[in-house]
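Structure file start-v9.txt; described as compact mmCIF, N, CA and C atoms.
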```
# COMPACT_ATOMS: atom_id res chain seq x y z
N MET A 1 82.89 96.20 120.06
CA MET A 1 81.76 97.12 119.97
C MET A 1 82.11 98.41 120.72
N LEU A 2 81.79 99.52 120.12
CA LEU A 2 81.96 100.81 120.78
C LEU A 2 80.65 101.21 121.42
N LYS A 3 80.74 101.94 122.51
CA LYS A 3 79.55 102.38 123.22
C LYS A 3 79.59 103.89 123.37
N PHE A 4 78.45 104.53 123.08
CA PHE A 4 78.32 105.98 123.20
C PHE A 4 77.12 106.29 124.07
N THR A 5 77.31 107.19 125.04
CA THR A 5 76.24 107.57 125.95
C THR A 5 75.90 109.03 125.72
N VAL A 6 74.62 109.31 125.43
CA VAL A 6 74.17 110.68 125.21
C VAL A 6 73.96 111.34 126.56
N LYS A 7 74.64 112.47 126.74
CA LYS A 7 74.53 113.24 127.98
C LYS A 7 74.04 114.63 127.61
N GLU A 8 73.98 115.53 128.56
CA GLU A 8 73.48 116.87 128.26
C GLU A 8 74.53 117.70 127.52
N GLY A 9 74.32 117.93 126.24
CA GLY A 9 75.21 118.74 125.43
C GLY A 9 76.37 118.00 124.79
N TYR A 10 76.51 116.72 125.09
CA TYR A 10 77.60 115.97 124.48
C TYR A 10 77.30 114.48 124.51
N VAL A 11 78.12 113.74 123.81
CA VAL A 11 78.05 112.29 123.80
C VAL A 11 79.39 111.80 124.33
N GLU A 12 79.34 110.83 125.22
CA GLU A 12 80.58 110.28 125.75
C GLU A 12 80.88 108.97 125.04
N GLY A 13 82.03 108.95 124.37
CA GLY A 13 82.46 107.74 123.69
C GLY A 13 83.32 106.90 124.62
N ASP A 14 82.93 105.64 124.79
CA ASP A 14 83.67 104.72 125.66
C ASP A 14 84.64 103.94 124.78
N PHE A 15 85.89 104.40 124.76
CA PHE A 15 86.92 103.78 123.95
C PHE A 15 87.86 102.96 124.83
N PRO A 16 88.53 101.97 124.26
CA PRO A 16 89.44 101.13 125.06
C PRO A 16 90.51 101.93 125.79
N PHE A 17 90.91 103.08 125.25
CA PHE A 17 91.96 103.87 125.89
C PHE A 17 91.41 105.02 126.73
N GLY A 18 90.10 105.07 126.94
CA GLY A 18 89.51 106.11 127.78
C GLY A 18 88.26 106.70 127.17
N ASP A 19 87.57 107.45 128.00
CA ASP A 19 86.34 108.10 127.56
C ASP A 19 86.67 109.38 126.80
N VAL A 20 85.90 109.65 125.74
CA VAL A 20 86.11 110.83 124.92
C VAL A 20 84.79 111.59 124.81
N PRO A 21 84.76 112.85 125.26
CA PRO A 21 83.55 113.66 125.08
C PRO A 21 83.49 114.20 123.64
N ILE A 22 82.33 114.06 123.03
CA ILE A 22 82.11 114.51 121.65
C ILE A 22 80.92 115.46 121.67
N SER A 23 81.12 116.65 121.09
CA SER A 23 80.05 117.64 121.15
C SER A 23 80.13 118.60 119.97
N SER A 24 79.00 119.20 119.63
CA SER A 24 79.00 120.26 118.63
C SER A 24 79.44 121.58 119.26
N ASP A 25 79.63 121.58 120.58
CA ASP A 25 80.15 122.73 121.32
C ASP A 25 81.61 122.42 121.67
N ALA A 26 82.54 123.14 121.04
CA ALA A 26 83.97 122.87 121.22
C ALA A 26 84.41 123.01 122.68
N ASN A 27 83.62 123.69 123.51
CA ASN A 27 83.96 123.81 124.92
C ASN A 27 83.61 122.55 125.72
N LEU A 28 82.79 121.68 125.14
CA LEU A 28 82.36 120.48 125.85
C LEU A 28 83.03 119.20 125.36
N GLY A 29 83.66 119.27 124.20
CA GLY A 29 84.29 118.05 123.69
C GLY A 29 84.83 118.21 122.28
N ILE A 30 85.29 117.12 121.76
CA ILE A 30 85.81 117.09 120.39
C ILE A 30 84.64 117.19 119.42
N LEU A 31 84.80 118.03 118.42
CA LEU A 31 83.74 118.18 117.42
C LEU A 31 83.66 116.91 116.56
N PRO A 32 82.46 116.50 116.16
CA PRO A 32 82.33 115.33 115.28
C PRO A 32 83.14 115.47 114.00
N THR A 33 83.21 116.69 113.45
CA THR A 33 84.01 116.89 112.24
C THR A 33 85.50 116.70 112.52
N GLU A 34 85.94 117.02 113.72
CA GLU A 34 87.34 116.79 114.09
C GLU A 34 87.64 115.29 114.17
N LEU A 35 86.67 114.53 114.66
CA LEU A 35 86.85 113.07 114.68
C LEU A 35 86.92 112.51 113.26
N LEU A 36 86.10 113.04 112.37
CA LEU A 36 86.13 112.62 110.98
C LEU A 36 87.51 112.92 110.38
N ALA A 37 87.99 114.15 110.60
CA ALA A 37 89.30 114.54 110.09
C ALA A 37 90.40 113.68 110.70
N ALA A 38 90.30 113.40 112.00
CA ALA A 38 91.30 112.57 112.67
C ALA A 38 91.30 111.16 112.11
N SER A 39 90.13 110.62 111.81
CA SER A 39 90.04 109.28 111.23
C SER A 39 90.69 109.21 109.86
N ILE A 40 90.41 110.21 109.03
CA ILE A 40 90.98 110.23 107.69
C ILE A 40 92.49 110.41 107.76
N ALA A 41 92.96 111.37 108.56
CA ALA A 41 94.39 111.65 108.64
C ALA A 41 95.17 110.52 109.28
N SER A 42 94.64 109.94 110.36
CA SER A 42 95.40 108.89 111.04
C SER A 42 95.44 107.61 110.22
N CYS A 43 94.35 107.24 109.60
CA CYS A 43 94.35 106.03 108.76
C CYS A 43 95.32 106.23 107.59
N SER A 44 95.20 107.34 106.91
CA SER A 44 96.07 107.61 105.77
C SER A 44 97.53 107.70 106.21
N GLY A 45 97.78 108.32 107.36
CA GLY A 45 99.15 108.43 107.87
C GLY A 45 99.75 107.10 108.24
N LEU A 46 98.96 106.23 108.85
CA LEU A 46 99.47 104.90 109.21
C LEU A 46 99.75 104.05 107.99
N VAL A 47 98.89 104.16 106.98
CA VAL A 47 99.13 103.44 105.73
C VAL A 47 100.39 103.98 105.05
N PHE A 48 100.55 105.30 105.04
CA PHE A 48 101.74 105.93 104.46
C PHE A 48 103.00 105.41 105.16
N GLU A 49 102.97 105.38 106.47
CA GLU A 49 104.12 104.87 107.25
C GLU A 49 104.43 103.42 106.87
N SER A 50 103.41 102.61 106.76
CA SER A 50 103.59 101.20 106.40
C SER A 50 104.21 101.05 105.02
N ILE A 51 103.74 101.84 104.07
CA ILE A 51 104.26 101.79 102.70
C ILE A 51 105.72 102.23 102.69
N LEU A 52 106.04 103.30 103.42
CA LEU A 52 107.43 103.77 103.47
C LEU A 52 108.35 102.69 104.03
N LYS A 53 107.89 102.00 105.08
CA LYS A 53 108.71 100.92 105.67
C LYS A 53 108.93 99.79 104.67
N LYS A 54 107.88 99.39 103.96
CA LYS A 54 108.01 98.32 102.96
C LYS A 54 108.96 98.71 101.84
N GLN A 55 108.99 100.00 101.52
CA GLN A 55 109.87 100.47 100.45
C GLN A 55 111.24 100.89 100.99
N ARG A 56 111.45 100.67 102.27
CA ARG A 56 112.72 101.01 102.94
C ARG A 56 113.10 102.48 102.77
N ILE A 57 112.08 103.32 102.84
CA ILE A 57 112.30 104.77 102.80
C ILE A 57 112.27 105.25 104.26
N LYS A 58 113.40 105.78 104.71
CA LYS A 58 113.50 106.22 106.10
C LYS A 58 113.20 107.71 106.20
N VAL A 59 112.31 108.02 107.12
CA VAL A 59 111.98 109.41 107.41
C VAL A 59 112.16 109.64 108.91
N ASP A 60 112.44 110.88 109.27
CA ASP A 60 112.56 111.22 110.68
C ASP A 60 111.17 111.46 111.29
N THR A 61 110.40 112.31 110.63
CA THR A 61 109.05 112.61 111.13
C THR A 61 108.10 112.85 109.97
N VAL A 62 106.84 112.56 110.24
CA VAL A 62 105.76 112.90 109.33
C VAL A 62 104.67 113.56 110.18
N THR A 63 104.32 114.78 109.83
CA THR A 63 103.17 115.41 110.47
C THR A 63 102.14 115.69 109.37
N ILE A 64 100.88 115.67 109.75
CA ILE A 64 99.81 115.88 108.77
C ILE A 64 98.94 117.03 109.26
N ASP A 65 98.88 118.08 108.46
CA ASP A 65 97.97 119.20 108.74
C ASP A 65 96.67 118.92 107.97
N VAL A 66 95.55 119.16 108.62
CA VAL A 66 94.25 118.86 108.01
C VAL A 66 93.41 120.13 107.91
N ASN A 67 92.89 120.39 106.73
CA ASN A 67 91.91 121.45 106.51
C ASN A 67 90.67 120.81 105.91
N MET A 68 89.53 121.33 106.31
CA MET A 68 88.26 120.81 105.78
C MET A 68 87.49 121.94 105.13
N ILE A 69 86.81 121.60 104.05
CA ILE A 69 85.89 122.54 103.40
C ILE A 69 84.50 121.96 103.57
N GLN A 70 83.63 122.79 104.13
CA GLN A 70 82.26 122.36 104.39
C GLN A 70 81.29 123.17 103.54
N ASN A 71 80.13 122.61 103.29
CA ASN A 71 79.10 123.26 102.50
C ASN A 71 77.99 123.71 103.43
N ALA A 72 77.91 125.02 103.65
CA ALA A 72 76.91 125.59 104.55
C ALA A 72 75.48 125.34 104.07
N ASN A 73 75.30 125.15 102.77
CA ASN A 73 73.97 124.92 102.21
C ASN A 73 73.49 123.48 102.39
N GLU A 74 74.38 122.61 102.88
CA GLU A 74 74.03 121.20 103.08
C GLU A 74 74.36 120.78 104.51
N ALA A 75 73.86 121.54 105.47
CA ALA A 75 74.05 121.23 106.90
C ALA A 75 75.53 121.12 107.26
N ASN A 76 76.35 121.97 106.63
CA ASN A 76 77.80 121.96 106.84
C ASN A 76 78.46 120.63 106.52
N ARG A 77 77.93 119.95 105.54
CA ARG A 77 78.51 118.68 105.10
C ARG A 77 79.97 118.90 104.71
N VAL A 78 80.82 117.99 105.15
CA VAL A 78 82.23 118.05 104.76
C VAL A 78 82.31 117.59 103.31
N LYS A 79 82.77 118.48 102.44
CA LYS A 79 82.85 118.10 101.03
C LYS A 79 84.29 117.85 100.58
N LYS A 80 85.26 118.38 101.35
CA LYS A 80 86.65 118.17 100.98
C LYS A 80 87.53 118.20 102.22
N VAL A 81 88.50 117.29 102.24
CA VAL A 81 89.51 117.25 103.28
C VAL A 81 90.86 117.36 102.60
N ILE A 82 91.67 118.30 103.05
CA ILE A 82 93.00 118.50 102.49
C ILE A 82 94.02 118.07 103.53
N LEU A 83 94.79 117.03 103.18
CA LEU A 83 95.83 116.51 104.06
C LEU A 83 97.17 117.01 103.54
N THR A 84 97.89 117.75 104.35
CA THR A 84 99.21 118.24 103.98
C THR A 84 100.24 117.47 104.79
N TYR A 85 100.99 116.63 104.10
CA TYR A 85 102.02 115.80 104.72
C TYR A 85 103.33 116.58 104.75
N ASN A 86 103.88 116.76 105.94
CA ASN A 86 105.16 117.41 106.12
C ASN A 86 106.15 116.33 106.53
N VAL A 87 107.08 116.02 105.63
CA VAL A 87 107.99 114.89 105.83
C VAL A 87 109.40 115.42 106.01
N LYS A 88 110.05 114.93 107.06
CA LYS A 88 111.42 115.35 107.35
C LYS A 88 112.33 114.13 107.37
N GLY A 89 113.47 114.23 106.71
CA GLY A 89 114.43 113.14 106.70
C GLY A 89 115.60 113.47 105.77
N LYS A 90 116.55 112.56 105.73
CA LYS A 90 117.74 112.74 104.89
C LYS A 90 117.53 112.07 103.53
N ASN A 91 118.05 112.70 102.51
CA ASN A 91 118.08 112.13 101.16
C ASN A 91 116.72 111.62 100.68
N LEU A 92 115.69 112.42 100.90
CA LEU A 92 114.35 112.03 100.48
C LEU A 92 114.12 112.42 99.02
N HIS A 93 113.47 111.55 98.28
CA HIS A 93 113.17 111.79 96.88
C HIS A 93 111.67 112.07 96.74
N GLU A 94 111.36 113.25 96.24
CA GLU A 94 109.97 113.67 96.14
C GLU A 94 109.12 112.67 95.35
N ARG A 95 109.61 112.19 94.23
CA ARG A 95 108.82 111.28 93.38
C ARG A 95 108.47 110.01 94.14
N LYS A 96 109.42 109.43 94.88
CA LYS A 96 109.16 108.22 95.65
C LYS A 96 108.13 108.47 96.74
N LEU A 97 108.25 109.61 97.40
CA LEU A 97 107.28 109.94 98.45
C LEU A 97 105.89 110.15 97.87
N LEU A 98 105.81 110.84 96.73
CA LEU A 98 104.51 111.06 96.09
C LEU A 98 103.88 109.74 95.64
N ASN A 99 104.69 108.84 95.11
CA ASN A 99 104.16 107.53 94.71
C ASN A 99 103.64 106.76 95.93
N SER A 100 104.37 106.82 97.03
CA SER A 100 103.92 106.16 98.26
C SER A 100 102.63 106.78 98.77
N LEU A 101 102.57 108.10 98.70
CA LEU A 101 101.38 108.81 99.17
C LEU A 101 100.17 108.46 98.31
N ALA A 102 100.37 108.30 97.01
CA ALA A 102 99.26 107.95 96.11
C ALA A 102 98.68 106.58 96.46
N LEU A 103 99.52 105.67 96.94
CA LEU A 103 99.04 104.33 97.31
C LEU A 103 98.12 104.34 98.53
N THR A 104 98.20 105.39 99.34
CA THR A 104 97.36 105.41 100.55
C THR A 104 95.88 105.44 100.19
N LYS A 105 95.54 106.02 99.06
CA LYS A 105 94.13 106.06 98.63
C LYS A 105 93.59 104.65 98.44
N LYS A 106 94.42 103.78 97.94
CA LYS A 106 94.01 102.41 97.66
C LYS A 106 93.89 101.55 98.92
N TYR A 107 94.75 101.81 99.91
CA TYR A 107 94.83 100.92 101.07
C TYR A 107 94.27 101.48 102.38
N CYS A 108 93.87 102.73 102.41
CA CYS A 108 93.31 103.31 103.64
C CYS A 108 91.81 103.05 103.72
N THR A 109 91.40 102.31 104.71
CA THR A 109 90.00 101.93 104.89
C THR A 109 89.08 103.15 104.97
N ILE A 110 89.49 104.15 105.71
CA ILE A 110 88.63 105.32 105.92
C ILE A 110 88.50 106.14 104.63
N VAL A 111 89.61 106.37 103.96
CA VAL A 111 89.54 107.11 102.69
C VAL A 111 88.67 106.36 101.69
N ARG A 112 88.82 105.06 101.63
CA ARG A 112 87.97 104.26 100.73
C ARG A 112 86.50 104.37 101.11
N SER A 113 86.23 104.46 102.40
CA SER A 113 84.84 104.52 102.88
C SER A 113 84.15 105.84 102.55
N VAL A 114 84.91 106.93 102.46
CA VAL A 114 84.30 108.24 102.22
C VAL A 114 84.53 108.76 100.80
N GLU A 115 85.23 107.99 99.96
CA GLU A 115 85.67 108.50 98.66
C GLU A 115 84.54 108.95 97.73
N LYS A 116 83.34 108.44 97.91
CA LYS A 116 82.23 108.84 97.04
C LYS A 116 81.48 110.06 97.55
N SER A 117 81.79 110.48 98.77
CA SER A 117 81.08 111.64 99.32
C SER A 117 82.00 112.78 99.75
N ILE A 118 83.27 112.48 99.99
CA ILE A 118 84.22 113.51 100.42
C ILE A 118 85.47 113.41 99.55
N GLU A 119 85.85 114.52 98.96
CA GLU A 119 87.10 114.56 98.19
C GLU A 119 88.25 114.66 99.18
N VAL A 120 89.24 113.79 99.05
CA VAL A 120 90.42 113.83 99.90
C VAL A 120 91.61 114.20 99.03
N GLU A 121 92.15 115.38 99.29
CA GLU A 121 93.31 115.88 98.55
C GLU A 121 94.54 115.74 99.43
N LYS A 122 95.65 115.35 98.82
CA LYS A 122 96.90 115.19 99.57
C LYS A 122 97.97 116.08 98.97
N LYS A 123 98.70 116.75 99.86
CA LYS A 123 99.83 117.58 99.46
C LYS A 123 101.06 117.10 100.21
N LEU A 124 102.22 117.32 99.63
CA LEU A 124 103.47 116.87 100.23
C LEU A 124 104.46 118.00 100.31
N PHE A 125 105.06 118.17 101.49
CA PHE A 125 106.17 119.09 101.66
C PHE A 125 107.31 118.33 102.31
N ILE A 126 108.48 118.45 101.70
CA ILE A 126 109.68 117.84 102.28
C ILE A 126 110.39 118.95 103.05
N LEU A 127 110.55 118.72 104.35
CA LEU A 127 111.17 119.71 105.21
C LEU A 127 112.68 119.48 105.28
N PRO A 128 113.44 120.55 105.43
CA PRO A 128 114.90 120.39 105.54
C PRO A 128 115.25 119.60 106.79
N HIS A 129 116.28 118.78 106.67
CA HIS A 129 116.72 117.93 107.79
C HIS A 129 117.52 118.72 108.79
```
Kindly return the structure encoded in the file as structure tokens.
Amino acid sequence: MLKFTVKEGYVEGDFPFGDVPISSDANLGILPTELLAASIASCSGLVFESILKKQRIKVDTVTIDVNMIQNANEANRVKKVILTYNVKGKNLHERKLLNSLALTKKYCTIVRSVEKSIEVEKKLFILPH
């Protein structure tokens, strides 16, 4: 069970690895939308890593850039999240990486949970080794 305590201007999340301040004021804590983006990116990234390992595709690094599109007419509802995967390694094949990336939609719990309300777009860039 997670525990959250409402304080003045922020909510403190009591996580196993430490307390995290969450606030709509970026000076007081992590924005709730940033947590949403972090959940989508980290879940998808971990699933991607797992799929690559199962397929014996070796990469040096994977970084994920996240952009969000919000709808100001709907209380700034997040309507789209764009995940840009930057993959670095030797002898990488774009088609194999794209196929692995496509599987993350099926196996990522968070993406599956938001798929009917938030569009999640994925892009892939292979960086020179």
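Excluding A:Val47 and any residue on its chain fewer than 6 positions from it, the residues at most 6.5 Å away by only N, CA and C atoms are Thr104, Tyr107 and Cys108 of chain A.
Distance check against A:Ile51 using only C-alpha atoms: of A:Ile126, A:Ile64, A:Leu97, A:Ile30, the minimum falls on A:Leu97.
Considering the residues A:Ser39, A:Asn27, A:Ser117, A:Asn67 and counting only C-alpha atoms, A:Leu83 has its shortest atom-to-atom contact with A:Asn67.
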Subject >> strand (DSSP E or B) per DSSP on the backbone: members of chain A, as an MDAnalysis selection string >> reply: chainID A and resid 3:7 10:15 18:22 30 61:71 77:88 119:127
Subject >> Shell of 5 Å around A:Thr84, all atoms listed in the file, local chain residues under 2 positions omitted, as number ranges by chain >> reply: A: 64-65, 82, 86, 123
Subject >> Long-range neighbours of stretch 4-12 of chain A as a PyMOL selection string, 6.5 Å cut-off, all atoms listed in the file, 4 positions minimum in chain >> reply: chain A and resi 19-25+28
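Counting from atom C of A:Asn76, the distance to atom N of A:Cys43 is 21.0 Å.
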